[in-house]
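Asker: Input file: final.pdb. Contents: PDB, C-alpha atoms.
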ATOM      1  CA  TRP A 912      95.764 109.942 105.307
ATOM      2  CA  ASN A 913      99.064 108.398 106.432
ATOM      3  CA  ALA A 914     102.239 109.655 108.068
ATOM      4  CA  ARG A 915     105.510 107.708 108.230
ATOM      5  CA  PHE A 916     108.647 108.783 110.082
ATOM      6  CA  ARG A 917     112.072 108.240 108.609
ATOM      7  CA  ALA A 918     114.076 105.825 110.784
ATOM      8  CA  ASP A 919     115.944 108.649 112.542
ATOM      9  CA  GLY A 920     112.706 110.541 113.274
ATOM     10  CA  GLN A 921     113.932 113.759 111.657
ATOM     11  CA  GLN A 922     111.710 113.639 108.566
ATOM     12  CA  LEU A 923     108.088 112.695 107.968
ATOM     13  CA  LEU A 924     106.344 111.430 104.821
ATOM     14  CA  THR A 925     102.652 112.321 104.565
ATOM     15  CA  THR A 926     100.132 110.945 102.058
ATOM     16  CA  SER A 927      96.546 112.019 101.581
ATOM     17  CA  TRP A 928      93.623 111.612  99.208
ATOM     18  CA  GLY A 929      93.480 114.401  96.654
ATOM     19  CA  ALA A 930      96.974 115.722  97.367
ATOM     20  CA  ASP A 931     100.563 114.964  96.407
ATOM     21  CA  PRO A 932     102.790 113.240  98.996
ATOM     22  CA  GLU A 933     104.948 115.582 101.040
ATOM     23  CA  ILE A 934     108.189 115.254 102.987
ATOM     24  CA  TRP A 935     108.571 117.373 106.115
ATOM     25  CA  GLY A 936     111.620 118.237 108.144
ATOM     26  CA  LEU A 937     111.109 118.137 111.899
ATOM     27  CA  LEU A 938     113.353 120.258 114.101
ATOM     28  CA  ASP A 939     112.916 122.033 117.425
ATOM     29  CA  PHE A 940     109.177 121.302 117.648
ATOM     30  CA  SER A 941     108.516 122.776 114.206
ATOM     31  CA  ALA A 942     107.806 121.297 110.764
ATOM     32  CA  ARG A 943     108.985 122.581 107.390
ATOM     33  CA  ARG A 944     107.903 121.205 104.032
ATOM     34  CA  LEU A 945     111.014 119.955 102.205
ATOM     35  CA  GLN A 946     109.575 118.260  99.110
ATOM     36  CA  THR A 947     106.303 117.705  97.287
ATOM     37  CA  LEU A 948     106.360 114.475  95.266
ATOM     38  CA  VAL A 949     104.494 115.213  92.031
ATOM     39  CA  GLY A 950     103.620 112.430  89.595
ATOM     40  CA  HIS A 951     100.663 110.291  90.653
ATOM     41  CA  VAL A 952      97.394 111.001  88.820
ATOM     42  CA  GLY A 953      95.175 109.275  91.389
ATOM     43  CA  ASN A 954      94.730 109.358  95.148
ATOM     44  CA  VAL A 955      97.906 108.409  97.002
ATOM     45  CA  LEU A 956      96.944 105.616  99.384
ATOM     46  CA  ASP A 957     100.160 104.706 101.210
ATOM     47  CA  GLY A 958     103.884 105.429 101.470
ATOM     48  CA  ASP A 959     106.995 104.133 103.171
ATOM     49  CA  TRP A 960     110.668 104.978 103.822
ATOM     50  CA  SER A 961     113.539 102.633 103.080
ATOM     51  CA  PRO A 962     115.403 101.661 106.281
ATOM     52  CA  ASP A 963     118.412 103.811 105.322
ATOM     53  CA  GLY A 964     116.213 106.803 104.422
ATOM     54  CA  ASP A 965     117.591 107.014 100.865
ATOM     55  CA  ARG A 966     114.330 106.044  99.145
ATOM     56  CA  VAL A 967     110.641 106.788  99.512
ATOM     57  CA  ALA A 968     107.914 104.635  97.949
ATOM     58  CA  THR A 969     104.306 105.647  97.305
ATOM     59  CA  VAL A 970     101.291 103.846  95.801
ATOM     60  CA  SER A 971      98.087 105.151  94.329
ATOM     61  CA  SER A 972      94.628 104.496  92.957
ATOM     62  CA  ASP A 973      96.204 105.108  89.530
ATOM     63  CA  CYS A 974      97.468 101.483  89.787
ATOM     64  CA  THR A 975     101.130 102.496  89.971
ATOM     65  CA  GLY A 976     103.812 102.696  92.614
ATOM     66  CA  ARG A 977     106.668 105.175  92.537
ATOM     67  CA  LEU A 978     110.162 105.261  93.981
ATOM     68  CA  TRP A 979     111.514 108.706  94.906
ATOM     69  CA  ASP A 980     114.742 110.387  95.900
ATOM     70  CA  PRO A 981     113.569 112.199  99.070
ATOM     71  CA  THR A 982     116.395 114.737  98.897
ATOM     72  CA  SER A 983     115.626 116.055  95.406
ATOM     73  CA  GLY A 984     111.990 114.951  95.135
ATOM     74  CA  ARG A 985     112.819 113.261  91.817
ATOM     75  CA  CYS A 986     110.898 110.160  90.741
ATOM     76  CA  ILE A 987     113.423 107.340  90.271
ATOM     77  CA  SER A 988     111.110 104.648  88.931
ATOM     78  CA  VAL A 989     107.432 104.011  88.157
ATOM     79  CA  LEU A 990     106.192 100.545  89.161
ATOM     80  CA  ARG A 991     103.635  99.371  86.598
ATOM     81  CA  GLY A 992     101.678  96.148  86.249
ATOM     82  CA  HIS A 993      98.853  96.221  88.782
ATOM     83  CA  SER A 994      95.359  96.394  87.300
ATOM     84  CA  GLU A 995      93.674  97.678  90.482
ATOM     85  CA  SER A 996      94.334 100.402  93.036
ATOM     86  CA  ILE A 997      97.393  99.725  95.191
ATOM     87  CA  GLY A 998      96.525 100.062  98.873
ATOM     88  CA  GLN A 999      99.779  99.206 100.648
ATOM     89  CA  VAL A1000     103.517  99.513 100.133
ATOM     90  CA  MET A1001     106.409  98.482 102.352
ATOM     91  CA  PHE A1002     110.163  97.986 102.233
ATOM     92  CA  VAL A1003     111.205  94.490 103.359
ATOM     93  CA  ASN A1004     114.237  92.217 103.467
ATOM     94  CA  GLY A1005     116.489  94.896 104.933
ATOM     95  CA  GLY A1006     115.303  97.442 102.392
ATOM     96  CA  GLN A1007     116.441  95.367  99.409
ATOM     97  CA  SER A1008     112.875  94.596  98.317
ATOM     98  CA  LEU A1009     109.649  96.542  98.017
ATOM     99  CA  VAL A1010     106.171  95.035  98.327
ATOM    100  CA  THR A1011     103.046  96.504  96.724
ATOM    101  CA  VAL A1012      99.600  95.160  97.583
ATOM    102  CA  SER A1013      96.517  95.372  95.384
ATOM    103  CA  GLY A1014      93.332  93.383  94.929
ATOM    104  CA  ASP A1015      94.835  91.717  91.860
ATOM    105  CA  SER A1016      98.182  90.615  93.291
ATOM    106  CA  LEU A1017     100.999  91.153  95.738
ATOM    107  CA  ARG A1018     104.194  92.136  93.915
ATOM    108  CA  ILE A1019     107.798  92.145  95.062
ATOM    109  CA  TRP A1020     110.193  94.607  93.417
ATOM    110  CA  ASN A1021     113.890  95.400  93.517
ATOM    111  CA  SER A1022     113.891  98.564  95.642
ATOM    112  CA  LYS A1023     116.980 100.017  93.963
ATOM    113  CA  THR A1024     116.077  99.527  90.308
ATOM    114  CA  GLY A1025     112.275  99.226  90.431
ATOM    115  CA  ASP A1026     112.445  95.938  88.509
ATOM    116  CA  LEU A1027     109.709  93.385  89.180
ATOM    117  CA  VAL A1028     111.056  90.326  91.008
ATOM    118  CA  ARG A1029     108.006  88.199  91.766
ATOM    119  CA  ILE A1030     104.197  88.166  91.634
ATOM    120  CA  LEU A1031     102.062  86.479  94.300
ATOM    121  CA  GLU A1032      98.552  86.083  92.946
ATOM    122  CA  PRO A1033      95.519  85.161  95.049
ATOM    123  CA  THR A1034      94.060  81.724  94.452
ATOM    124  CA  PRO A1035      90.725  81.471  92.587
ATOM    125  CA  ARG A1036      88.916  80.682  95.828
ATOM    126  CA  ALA A1037      90.685  83.133  98.127
ATOM    127  CA  HIS A1038      91.385  86.751  97.232
ATOM    128  CA  PHE A1039      93.383  89.286  99.215
ATOM    129  CA  THR A1040      91.157  90.972 101.770
ATOM    130  CA  SER A1041      90.335  94.653 101.140
ATOM    131  CA  PHE A1042      89.332  96.955 103.981
ATOM    132  CA  SER A1043      88.672 100.655 104.377
ATOM    133  CA  PHE A1044      90.807 100.328 107.519
ATOM    134  CA  GLY A1045      93.318  97.843 108.813
ATOM    135  CA  SER A1046      96.307  96.127 107.257
ATOM    136  CA  ARG A1047      95.944  93.096 105.022
ATOM    137  CA  VAL A1048      99.707  92.562 104.728
ATOM    138  CA  VAL A1049     102.407  92.964 107.401
ATOM    139  CA  HIS A1050     106.081  92.052 107.387
ATOM    140  CA  SER A1051     108.170  90.450 110.086
ATOM    141  CA  ALA A1052     110.707  92.567 111.958
ATOM    142  CA  SER A1053     113.478  90.823 110.019
ATOM    143  CA  GLY A1054     111.698  91.608 106.756
ATOM    144  CA  THR A1055     112.016  88.020 105.570
ATOM    145  CA  HIS A1056     108.347  87.010 105.865
ATOM    146  CA  LEU A1057     104.956  88.476 104.975
ATOM    147  CA  ALA A1058     101.638  87.683 106.623
ATOM    148  CA  VAL A1059      98.720  88.145 104.233
ATOM    149  CA  ALA A1060      95.008  88.206 105.158
ATOM    150  CA  PHE A1061      92.696  86.525 102.657
ATOM    151  CA  ASP A1062      88.955  86.877 102.221
ATOM    152  CA  ASP A1063      88.446  83.192 103.074
ATOM    153  CA  LYS A1064      89.321  84.399 106.611
ATOM    154  CA  SER A1065      92.725  82.714 106.587
ATOM    155  CA  VAL A1066      96.133  84.312 107.133
ATOM    156  CA  ARG A1067      99.028  82.927 105.111
ATOM    157  CA  VAL A1068     102.727  83.550 105.683
ATOM    158  CA  PHE A1069     105.104  83.834 102.714
ATOM    159  CA  ASP A1070     108.877  83.716 102.482
ATOM    160  CA  VAL A1071     109.906  86.955 100.732
ATOM    161  CA  SER A1072     113.058  85.649  99.047
ATOM    162  CA  ARG A1073     111.421  82.508  97.640
ATOM    163  CA  GLY A1074     107.892  83.834  97.176
ATOM    164  CA  GLU A1075     106.523  80.637  98.679
ATOM    165  CA  GLN A1076     103.773  80.096 101.218
ATOM    166  CA  VAL A1077     105.302  78.554 104.334
ATOM    167  CA  SER A1078     102.379  78.573 106.754
ATOM    168  CA  ARG A1079      98.643  79.168 107.137
ATOM    169  CA  VAL A1080      96.403  79.901 110.105
ATOM    170  CA  ASP A1081      92.603  80.098 110.093
ATOM    171  CA  GLY A1082      91.211  83.300 111.557
ATOM    172  CA  GLY A1083      87.790  81.892 112.452
ATOM    173  CA  ASP A1084      84.356  83.121 111.381
ATOM    174  CA  PHE A1085      85.338  86.738 110.695
ATOM    175  CA  HIS A1086      87.891  88.566 108.550
ATOM    176  CA  VAL A1087      91.258  89.403 110.069
ATOM    177  CA  THR A1088      91.750  93.186 109.995
ATOM    178  CA  GLN A1089      95.037  93.635 111.900
ATOM    179  CA  MET A1090      98.169  91.535 112.316
ATOM    180  CA  LYS A1091     101.527  91.887 114.045
ATOM    181  CA  PHE A1092     104.629  89.718 114.259
ATOM    182  CA  MET A1093     105.940  89.624 117.818
ATOM    183  CA  ASP A1094     108.359  87.863 120.166
ATOM    184  CA  ARG A1095     111.319  88.116 117.743
ATOM    185  CA  ASP A1096     109.048  87.017 114.871
ATOM    186  CA  ARG A1097     108.216  83.730 116.578
ATOM    187  CA  ARG A1098     104.575  84.668 117.131
ATOM    188  CA  LEU A1099     101.863  86.295 115.030
ATOM    189  CA  ALA A1100      98.980  88.216 116.613
ATOM    190  CA  THR A1101      95.732  88.653 114.668
ATOM    191  CA  ALA A1102      92.600  90.684 115.381
ATOM    192  CA  SER A1103      89.302  90.155 113.561
ATOM    193  CA  ASN A1104      86.243  92.359 113.232
ATOM    194  CA  ASP A1105      84.307  90.357 115.831
ATOM    195  CA  GLY A1106      86.739  91.649 118.492
ATOM    196  CA  ARG A1107      88.608  88.349 118.744
ATOM    197  CA  VAL A1108      92.386  88.489 119.282
ATOM    198  CA  LYS A1109      94.557  85.435 118.698
ATOM    199  CA  VAL A1110      98.256  84.719 119.103
ATOM    200  CA  TRP A1111      99.766  82.010 116.909
ATOM    201  CA  ASP A1112     102.896  79.955 116.613
ATOM    202  CA  TRP A1113     102.694  80.671 112.891
ATOM    203  CA  ARG A1114     105.311  78.139 111.822
ATOM    204  CA  SER A1115     103.262  75.245 113.208
ATOM    205  CA  GLY A1116      99.860  76.912 112.770
ATOM    206  CA  LEU A1117      98.977  76.347 116.430
ATOM    207  CA  GLU A1118      96.839  78.889 118.306
ATOM    208  CA  ILE A1119      98.591  79.774 121.584
ATOM    209  CA  LEU A1120      96.113  82.279 122.988
ATOM    210  CA  GLY A1121      92.695  83.663 122.146
ATOM    211  CA  PHE A1122      90.488  86.228 123.868
ATOM    212  CA  ASP A1123      87.675  88.703 123.189
ATOM    213  CA  ALA A1124      88.667  92.360 123.339
ATOM    214  CA  HIS A1125      86.538  95.541 123.391
ATOM    215  CA  LEU A1126      83.251  93.678 123.819
TER     216      LEU A1126
END
Will you turn the file into structure tokens for me?

Answerer:
Amino acid sequence: WNARFRADGQQLLTTSWGADPEIWGLLDFSARRLQTLVGHVGNVLDGDWSPDGDRVATVSSDCTGRLWDPTSGRCISVLRGHSESIGQVMFVNGGQSLVTVSGDSLRIWNSKTGDLVRILEPTPRAHFTSFSFGSRVVHSASGTHLAVAFDDKSVRVFDVSRGEQVSRVDGGDFHVTQMKFMDRDRRLATASNDGRVKVWDWRSGLEILGFDAHL
């Protein structure tokens, strides 16, 4: 179950297993259902708002993503091509691009047209990490870079516009389950399932700080 606020905080997108996504209006400490987004035939696993609030994206276990007009509830485009469930979706690059994340690939789409722009496939020896919780892909605040957790316990940073890997850091002996760009995107924080937290200068790959949390 996920809930994402529109940038102005006045509307909320909710997604849940076994139910269609819904858009809620929030006013005076009350919520009113505005739209139900009908179209997916599998469990809806994630959703996101475009920065300007004009688009909503959802992804599902039916291996598709969908772009929606949140005002009318109309499906604008169906994003096809993944062969596995899609677990994450996010608008990046100032809302111009949309990223969908599945076990088979990470795909970048034109957020206005729904056209496929680029496919980032995992290497034969390192697949995208899949978790029942946590985020395996996060974007920088500027939306120009993606940090991706791999099952070889590494985290790799990609340039969105070029689709190229620009950096790699090694998480250690355990999988990285959470990541966050920080300090105006100059640092990347990672947390692994052994309770270890690390802060990186991701451009150079140098570990700046490491400590054990919640042990």

Asker: List the residues selected by the PyMOL selection byres ((chain A and resi 1065) around 8) in the file shown, writing them as a VMD selection string.

Answerer: chain A and resid 1060 to 1064 1066 to 1067 1079 to 1083 1086 to 1087

Asker: Tell me which protein, DNA and RNA residues are within 12 Å of Val1010 (chain A), counting all atoms listed in the file, leaving out same-chain ones fewer than 3 positions away, and put them as a PDB file with C-alpha atoms, in the frame of the given file.

Answerer:
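Writing done, so here's part_38.pdb:
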ATOM      1  CA  ASP A 957     100.160 104.706 101.210  1.00  0.00           C
ATOM      2  CA  GLY A 958     103.884 105.429 101.470  1.00  0.00           C
ATOM      3  CA  ASP A 959     106.995 104.133 103.171  1.00  0.00           C
ATOM      4  CA  SER A 961     113.539 102.633 103.080  1.00  0.00           C
ATOM      5  CA  ALA A 968     107.914 104.635  97.949  1.00  0.00           C
ATOM      6  CA  THR A 969     104.306 105.647  97.305  1.00  0.00           C
ATOM      7  CA  VAL A 970     101.291 103.846  95.801  1.00  0.00           C
ATOM      8  CA  GLY A 976     103.812 102.696  92.614  1.00  0.00           C
ATOM      9  CA  ARG A 977     106.668 105.175  92.537  1.00  0.00           C
ATOM     10  CA  LEU A 978     110.162 105.261  93.981  1.00  0.00           C
ATOM     11  CA  LEU A 990     106.192 100.545  89.161  1.00  0.00           C
ATOM     12  CA  ILE A 997      97.393  99.725  95.191  1.00  0.00           C
ATOM     13  CA  GLY A 998      96.525 100.062  98.873  1.00  0.00           C
ATOM     14  CA  GLN A 999      99.779  99.206 100.648  1.00  0.00           C
ATOM     15  CA  VAL A1000     103.517  99.513 100.133  1.00  0.00           C
ATOM     16  CA  MET A1001     106.409  98.482 102.352  1.00  0.00           C
ATOM     17  CA  PHE A1002     110.163  97.986 102.233  1.00  0.00           C
ATOM     18  CA  VAL A1003     111.205  94.490 103.359  1.00  0.00           C
ATOM     19  CA  ASN A1004     114.237  92.217 103.467  1.00  0.00           C
ATOM     20  CA  GLY A1006     115.303  97.442 102.392  1.00  0.00           C
ATOM     21  CA  GLN A1007     116.441  95.367  99.409  1.00  0.00           C
ATOM     22  CA  SER A1013      96.517  95.372  95.384  1.00  0.00           C
ATOM     23  CA  SER A1016      98.182  90.615  93.291  1.00  0.00           C
ATOM     24  CA  LEU A1017     100.999  91.153  95.738  1.00  0.00           C
ATOM     25  CA  ARG A1018     104.194  92.136  93.915  1.00  0.00           C
ATOM     26  CA  ILE A1019     107.798  92.145  95.062  1.00  0.00           C
ATOM     27  CA  TRP A1020     110.193  94.607  93.417  1.00  0.00           C
ATOM     28  CA  ASN A1021     113.890  95.400  93.517  1.00  0.00           C
ATOM     29  CA  SER A1022     113.891  98.564  95.642  1.00  0.00           C
ATOM     30  CA  GLY A1025     112.275  99.226  90.431  1.00  0.00           C
ATOM     31  CA  ASP A1026     112.445  95.938  88.509  1.00  0.00           C
ATOM     32  CA  LEU A1027     109.709  93.385  89.180  1.00  0.00           C
ATOM     33  CA  VAL A1028     111.056  90.326  91.008  1.00  0.00           C
ATOM     34  CA  ARG A1029     108.006  88.199  91.766  1.00  0.00           C
ATOM     35  CA  ILE A1030     104.197  88.166  91.634  1.00  0.00           C
ATOM     36  CA  LEU A1031     102.062  86.479  94.300  1.00  0.00           C
ATOM     37  CA  VAL A1048      99.707  92.562 104.728  1.00  0.00           C
ATOM     38  CA  VAL A1049     102.407  92.964 107.401  1.00  0.00           C
ATOM     39  CA  HIS A1050     106.081  92.052 107.387  1.00  0.00           C
ATOM     40  CA  GLY A1054     111.698  91.608 106.756  1.00  0.00           C
ATOM     41  CA  THR A1055     112.016  88.020 105.570  1.00  0.00           C
ATOM     42  CA  HIS A1056     108.347  87.010 105.865  1.00  0.00           C
ATOM     43  CA  LEU A1057     104.956  88.476 104.975  1.00  0.00           C
ATOM     44  CA  ALA A1058     101.638  87.683 106.623  1.00  0.00           C
ATOM     45  CA  VAL A1059      98.720  88.145 104.233  1.00  0.00           C
ATOM     46  CA  VAL A1071     109.906  86.955 100.732  1.00  0.00           C
ATOM     47  CA  SER A1072     113.058  85.649  99.047  1.00  0.00           C
ATOM     48  CA  GLY A1074     107.892  83.834  97.176  1.00  0.00           C
TER      49      GLY A1074
END

Asker: Find the residue from A:Gly920, A:Gly1005, A:Gly992, A:Gly964 that sits nearest to Trp979 (chain A); use only C-alpha atoms when measuring.

Answerer: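 When distances to Trp979 (chain A) are compared using only C-alpha atoms, the smallest one comes from A:Gly964.
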
Asker: Which residue, A:Arg1073, A:Arg917, A:Arg1097, A:Arg991, has the smallest gap to Asp1112 (chain A) when you use only C-alpha atoms?

Answerer: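 Looking only at the distances to Asp1112 (chain A), the closest residue turns out to be A:Arg1097.
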
Asker: Give me, please, the distance in Å between CA of Glu1118 (chain A) and CA of Gln1076 (chain A), quoted to one decimal.

Answerer: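 These atoms are spaced 18.5 Å apart.
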
Asker: For the file shown, what are the residues hit by the PyMOL selection byres ((chain A and resi 928-935) around 10), laid out as a ChimeraX atom specification?

Answerer: /A:912-917,921-927,936-938,941-958,967,969,971-972,981-982,984

Asker: For Asp1015 (chain A), which residue out of A:Val1068, A:Leu1117, A:Cys974, A:Val1110 is the nearest one, using all atoms listed in the file?

Answerer: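 Of A:Val1068, A:Leu1117, A:Cys974, A:Val1110, the one nearest Asp1015 (chain A), counting all atoms listed in the file, is A:Cys974.
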
Asker: Given the choices A:Arg985, A:Arg966, A:His993, A:Arg1095, which gets closest to Ser1053 (chain A) if the distance is worked out from all atoms listed in the file?

Answerer: A:Arg1095

Asker: Go ahead and compute the interatomic distance for CA of Ile1119 (chain A) and CA of Leu1099 (chain A), in Å to one decimal.

Answerer: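 So the answer is 9.8 Å.
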